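Student: One file: my_file-v6.csv (CSV, C-alpha atoms).
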chain,number,residue,atom,x,y,z
A,1,MET,CA,132.2,-1.1,170.7
A,2,LYS,CA,134.1,0.8,173.5
A,3,LYS,CA,137.4,-0.7,172.3
A,4,CYS,CA,136.7,0.3,168.7
A,5,LEU,CA,135.9,3.9,169.8
A,6,ALA,CA,139.0,4.0,172.0
A,7,VAL,CA,141.2,2.8,169.0
A,8,ILE,CA,139.6,5.5,166.8
A,9,VAL,CA,140.2,8.2,169.4
A,10,LEU,CA,143.8,7.1,169.9
A,11,LEU,CA,144.5,7.1,166.2
A,12,TRP,CA,143.0,10.5,165.8
A,13,VAL,CA,145.1,11.9,168.7
A,14,LEU,CA,148.2,10.3,167.3
A,15,GLY,CA,147.3,11.8,163.9
A,16,MET,CA,147.0,15.3,165.4
A,17,ALA,CA,150.3,14.8,167.2
A,18,TRP,CA,151.9,13.7,163.9
A,19,ILE,CA,150.5,16.8,162.1
A,20,THR,CA,151.9,19.0,164.8
A,21,TRP,CA,155.3,17.3,164.8
A,22,VAL,CA,155.8,17.3,161.1
A,23,GLY,CA,154.2,20.7,160.6
A,24,THR,CA,156.7,22.4,163.0
A,25,ARG,CA,159.8,21.2,161.2
A,26,THR,CA,161.8,23.7,159.1
A,27,ASP,CA,164.3,22.5,156.5
A,28,LEU,CA,165.8,25.6,155.0
A,29,ARG,CA,168.1,25.2,152.0
A,30,LYS,CA,168.9,26.9,148.7
A,31,VAL,CA,166.2,26.2,146.2
A,32,ASP,CA,164.8,27.4,142.9
A,33,CYS,CA,161.8,29.3,144.4
A,34,ILE,CA,159.7,29.9,147.5
A,35,VAL,CA,156.1,28.8,147.1
A,36,VAL,CA,153.7,30.7,149.3
A,37,LEU,CA,150.3,29.0,149.6
A,38,GLY,CA,147.2,31.2,149.4
A,39,ALA,CA,144.8,31.9,152.2
A,40,ARG,CA,141.8,34.2,152.6
A,41,ALA,CA,142.3,37.7,151.1
A,42,LEU,CA,140.0,40.6,152.1
A,43,ALA,CA,137.6,42.4,149.8
A,44,ASP,CA,139.8,45.5,149.9
A,45,GLY,CA,142.6,43.6,148.4
A,46,SER,CA,144.7,43.2,151.5
A,47,PRO,CA,145.8,39.8,152.9
A,48,GLY,CA,143.8,38.2,155.7
A,49,PRO,CA,145.8,37.3,158.8
A,50,SER,CA,146.9,33.9,157.6
A,51,LEU,CA,147.9,35.1,154.2
A,52,GLN,CA,149.8,38.0,155.6
A,53,ALA,CA,151.8,35.7,157.9
A,54,ARG,CA,152.6,33.4,155.0
A,55,CYS,CA,153.5,36.4,152.7
A,56,GLN,CA,155.7,37.9,155.4
A,57,ARG,CA,157.5,34.6,155.9
A,58,GLY,CA,158.1,34.2,152.1
A,59,VAL,CA,159.5,37.7,151.9
A,60,GLU,CA,161.8,37.0,154.9
A,61,LEU,CA,163.1,33.8,153.3
A,62,TRP,CA,163.6,35.7,150.0
A,63,ARG,CA,165.6,38.5,151.8
A,64,GLN,CA,167.7,35.8,153.4
A,65,ARG,CA,168.5,34.6,149.8
A,66,TRP,CA,167.2,31.0,150.2
A,67,ALA,CA,165.7,31.5,146.6
A,68,PRO,CA,165.7,34.2,144.0
A,69,ILE,CA,161.9,33.8,143.2
A,70,LEU,CA,158.7,34.0,145.2
A,71,LEU,CA,155.7,32.1,143.7
A,72,PHE,CA,152.3,33.0,145.3
A,73,THR,CA,149.3,30.7,144.9
A,74,GLY,CA,145.6,31.1,145.2
A,75,GLY,CA,142.6,32.0,143.0
A,76,ARG,CA,139.6,34.2,143.5
A,77,GLY,CA,138.2,33.7,147.0
A,78,GLN,CA,134.8,34.5,148.5
A,79,SER,CA,135.9,38.2,148.9
A,80,GLY,CA,136.3,38.5,145.1
A,81,THR,CA,140.1,39.0,145.3
A,82,VAL,CA,142.7,36.7,143.8
A,83,GLU,CA,144.9,35.4,146.6
A,84,GLY,CA,148.0,35.0,144.5
A,85,GLN,CA,147.8,38.6,143.3
A,86,VAL,CA,147.3,39.9,146.8
A,87,GLY,CA,150.5,38.0,147.8
A,88,LEU,CA,152.4,39.5,144.9
A,89,ARG,CA,151.3,43.0,145.8
A,90,TYR,CA,152.2,42.5,149.4
A,91,ALA,CA,155.8,41.4,148.4
A,92,LEU,CA,156.1,44.4,146.0
A,93,ALA,CA,155.1,46.7,148.9
A,94,GLN,CA,157.8,45.1,151.0
A,95,GLY,CA,160.4,46.0,148.4
A,96,VAL,CA,160.7,42.8,146.5
A,97,PRO,CA,161.3,43.6,142.8
A,98,ALA,CA,158.7,42.5,140.2
A,99,THR,CA,161.4,40.4,138.5
A,100,ALA,CA,161.5,38.1,141.5
A,101,LEU,CA,157.7,37.6,141.7
A,102,HIS,CA,155.3,35.1,140.1
A,103,TYR,CA,151.8,34.0,140.9
A,104,GLU,CA,149.1,31.6,139.9
A,105,GLY,CA,145.6,32.8,140.3
A,106,SER,CA,143.5,29.8,139.3
A,107,SER,CA,143.5,27.5,142.3
A,108,HIS,CA,140.7,27.1,144.9
A,109,ASN,CA,142.2,24.4,147.2
A,110,THR,CA,145.6,23.0,148.2
A,111,ARG,CA,145.6,20.3,145.5
A,112,GLN,CA,145.0,22.9,142.8
A,113,ASN,CA,147.7,25.1,144.4
A,114,PHE,CA,150.2,22.4,143.5
A,115,LEU,CA,148.6,21.6,140.2
A,116,TYR,CA,149.1,25.2,139.0
A,117,ALA,CA,152.3,25.9,140.9
A,118,SER,CA,153.9,22.8,139.4
A,119,GLN,CA,153.0,24.1,135.9
A,120,VAL,CA,154.6,27.5,136.5
A,121,MET,CA,157.7,25.8,138.0
A,122,ARG,CA,158.0,23.4,135.0
A,123,ILE,CA,157.7,26.3,132.5
A,124,HIS,CA,160.6,28.1,134.2
A,125,GLN,CA,162.5,24.8,134.9
A,126,TRP,CA,162.4,25.2,138.6
A,127,HIS,CA,162.5,21.9,140.5
A,128,SER,CA,162.9,22.7,144.2
A,129,CYS,CA,161.1,25.0,146.5
A,130,LEU,CA,160.6,26.1,150.1
A,131,LEU,CA,157.0,25.6,151.0
A,132,VAL,CA,155.4,28.4,153.1
A,133,THR,CA,152.1,27.7,154.9
A,134,ASP,CA,150.8,27.4,158.4
A,135,PRO,CA,152.3,24.5,160.5
A,136,PHE,CA,149.0,22.5,160.7
A,137,HIS,CA,148.9,22.7,156.9
A,138,GLU,CA,152.5,21.9,156.1
A,139,PRO,CA,152.4,18.0,156.2
A,140,ARG,CA,149.6,17.7,153.7
A,141,ALA,CA,151.0,20.4,151.5
A,142,LEU,CA,154.4,18.6,151.4
A,143,ALA,CA,152.6,15.4,150.5
A,144,LEU,CA,150.8,17.1,147.6
A,145,ALA,CA,153.9,18.8,146.4
A,146,GLN,CA,155.6,15.4,146.2
A,147,GLN,CA,152.5,14.0,144.4
A,148,PHE,CA,153.0,16.7,141.7
A,149,GLY,CA,156.7,15.9,141.4
A,150,LEU,CA,158.1,18.9,143.3
A,151,GLU,CA,161.2,18.8,145.5
A,152,ALA,CA,159.7,20.7,148.4
A,153,TYR,CA,161.1,21.6,151.8
A,154,PRO,CA,159.1,22.9,154.8
A,155,ALA,CA,159.4,26.5,155.8
A,156,PRO,CA,156.2,27.1,157.9
A,157,THR,CA,155.2,30.4,159.4
A,158,PHE,CA,154.6,30.6,163.2
A,159,THR,CA,153.0,34.1,163.2
A,160,GLY,CA,149.6,33.3,161.8
A,161,PRO,CA,146.4,33.1,163.8
A,162,ALA,CA,146.4,29.3,163.8
A,163,TRP,CA,149.6,29.3,166.0
A,164,ARG,CA,148.7,32.0,168.5
A,165,ASN,CA,147.1,29.9,171.2
A,166,TRP,CA,146.1,26.3,172.0
A,167,GLY,CA,142.4,26.9,171.1
A,168,THR,CA,143.1,28.0,167.5
A,169,TRP,CA,145.9,25.5,167.1
A,170,GLY,CA,143.4,22.7,168.2
A,171,LEU,CA,140.6,24.0,165.9
A,172,TYR,CA,142.9,24.3,162.8
A,173,THR,CA,144.6,20.9,163.5
A,174,VAL,CA,141.2,19.2,163.9
A,175,ARG,CA,140.1,20.7,160.6
A,176,GLU,CA,143.3,19.6,158.9
A,177,SER,CA,143.0,16.1,160.3
A,178,LEU,CA,139.6,15.9,158.5
A,179,SER,CA,141.3,17.2,155.3
A,180,TRP,CA,143.6,14.3,155.4
A,181,VAL,CA,140.6,12.0,155.1
A,182,LYS,CA,139.7,13.8,151.9
A,183,TYR,CA,143.3,13.6,150.7
A,184,TRP,CA,143.5,9.9,151.3
A,185,SER,CA,140.2,9.4,149.5
A,186,GLY,CA,141.7,11.0,146.5
A,187,GLN,CA,139.4,14.0,146.2
Written as structure tokens, how would this file's structure read?
Tutor:
Amino acid sequence: MKKCLAVIVLLWVLGMAWITWVGTRTDLRKVDCIVVLGARALADGSPGPSLQARCQRGVELWRQRWAPILLFTGGRGQSGTVEGQVGLRYALAQGVPATALHYEGSSHNTRQNFLYASQVMRIHQWHSCLLVTDPFHEPRALALAQQFGLEAYPAPTFTGPAWRNWGTWGLYTVRESLSWVKYWSGQ
């Protein structure tokens, strides 16, 4: 029993190390669009801390001309605001022209982010994207992007709350390791 528990703990620690290693990789290249994954938006229509960090990273990459289009994802959250719309408004306020902005506002989880983002991308014949999310979230997001047939490259943000200290990094990485269980079970 102790050996079994030790193996489980070792596998979990290795999994967290892998999430961190893969999640901190950045592979910038010219692509068709930049996909910014949704996160909590506030009731007043402003982005929560994670969403703001993701939006800012997307705008920075757009300004650096890695892609001509920003595509924000995320549906109506608990606050009542649509995350994709909040991202779009954030980019507009940062000077990105409306012609460079798209969003999907129907998704409620990472799998749906890619379901709906892939539909938008196919309509516009976009095949490749930079994928902006938090480092802990990047590995699973890349796996889902691939599952939906997207050519996605990691472009994580390191300014969100999940990356500020070891405590929040640990909390979010533990939570994400549990999300992998759900991903592998196909739900």
Student: Find the residue from A:Val82, A:Val31, A:Ala155, A:Ala141 that sits nearest to Arg65 of chain A; use all atoms listed in the file when measuring.
Tutor: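 Closest to Arg65 of chain A, using all atoms listed in the file: A:Val31.
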Student: So, counting all atoms listed in the file, which residue among A:Arg63, A:Glu83, A:Cys33, A:Val96 is closest to Gly48 of chain A?
Tutor: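 Closest residue, counting all atoms listed in the file: A:Glu83.
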Student: So how far away is atom CA of Thr159 of chain A from atom CA of Gln119 of chain A, in Å?
Tutor: 29.1 Å
Student: For Ser106 of chain A, please output as a PDB file with C-alpha atoms, in the frame of the given file all residues within 8 Å (counting all atoms listed in the file; exclusion window: fewer than 6 positions along the same chain).
Tutor:
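selection.pdb, written as the output of this step:
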ATOM      1  CA  GLY A  74     145.600  31.100 145.200  1.00  0.00           C
ATOM      2  CA  GLY A  75     142.600  32.000 143.000  1.00  0.00           C
ATOM      3  CA  ARG A  76     139.600  34.200 143.500  1.00  0.00           C
ATOM      4  CA  GLN A 112     145.000  22.900 142.800  1.00  0.00           C
ATOM      5  CA  TYR A 116     149.100  25.200 139.000  1.00  0.00           C
TER       6      TYR A 116
END
Student: In Å, how far is it from atom CA of Gln85 of chain A to atom CA of Gly105 of chain A?
Tutor: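 Computed distance, atom CA of Gln85 of chain A to atom CA of Gly105 of chain A, equals 6.9 Å.
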Student: At a cut-off of 12 Å, using only C-alpha atoms, what residues contact Ser46 of chain A? Leave out same-chain residues fewer than 4 positions from it and give the result as JSON, numbers by chain.
Tutor: {"A": [39, 40, 41, 42, 50, 51, 52, 55, 79, 80, 81, 82, 83, 84, 85, 86, 87, 88, 89, 90, 91, 93]}
Student: Tell me which protein, DNA and RNA residues are within 12 Å of Thr99 of chain A, counting all atoms listed in the file, leaving out same-chain ones fewer than 6 positions away, and put them as a list of chain:residue names.
Tutor: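 Near Thr99 of chain A, the qualifying residues are A:Pro68, A:Ile69, A:Leu70, A:Leu71, A:Leu88, A:Ala91, A:Leu92.
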Student: Can you pull out every residue within 12 Å of Gln146 of chain A, counting all atoms listed in the file, but drop anything in the same chain fewer than 5 positions away, and send it as a PyMOL selection string?
Tutor: chain A and resi 111+114-115+118+127-129+131+139-141+151-154
Student: Show me the residues around (162.4, 26.1, 162.0) - criterion: an atom at most 9 Å away, all atoms listed in the file counted - as a ChimeraX atom specification.
Tutor: /A:24-28,154-157
Student: What is the distance between atom CA of Gln94 of chain A and atom CA of Val59 of chain A, in Å to one decimal?
Tutor: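 Going from atom CA of Gln94 of chain A over to atom CA of Val59 of chain A, I get 7.6 Å.
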Student: Taking all atoms listed in the file into account, name the residue in A:Thr110, A:Met121, A:Pro97, A:Leu130 that is nearest to Leu144 of chain A.
Tutor: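 Counting all atoms listed in the file, the residue closest to Leu144 of chain A is A:Thr110.
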Student: Find, counting only C-alpha atoms, the residue in A:Cys4, A:Leu61, A:Val35, A:Ala67 that gets nearest to His102 of chain A.
Tutor: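 Among the listed residues, A:Val35 lies closest to His102 of chain A.
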Student: Compare A:Phe158, A:Asn109, A:Leu150, A:Trp66 by their minimum atom-to-atom distance to Gln125 of chain A, counting only C-alpha atoms, and give me the closest one.
Tutor: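 The closest residue to Gln125 of chain A is A:Leu150.
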Student: For each of A:Ala43, A:Leu14, A:Ala143, A:Val132, take the minimum atom-to-atom distance to Gln56 of chain A, counting only C-alpha atoms, then give the residue where this is smallest.
Tutor: A:Val132
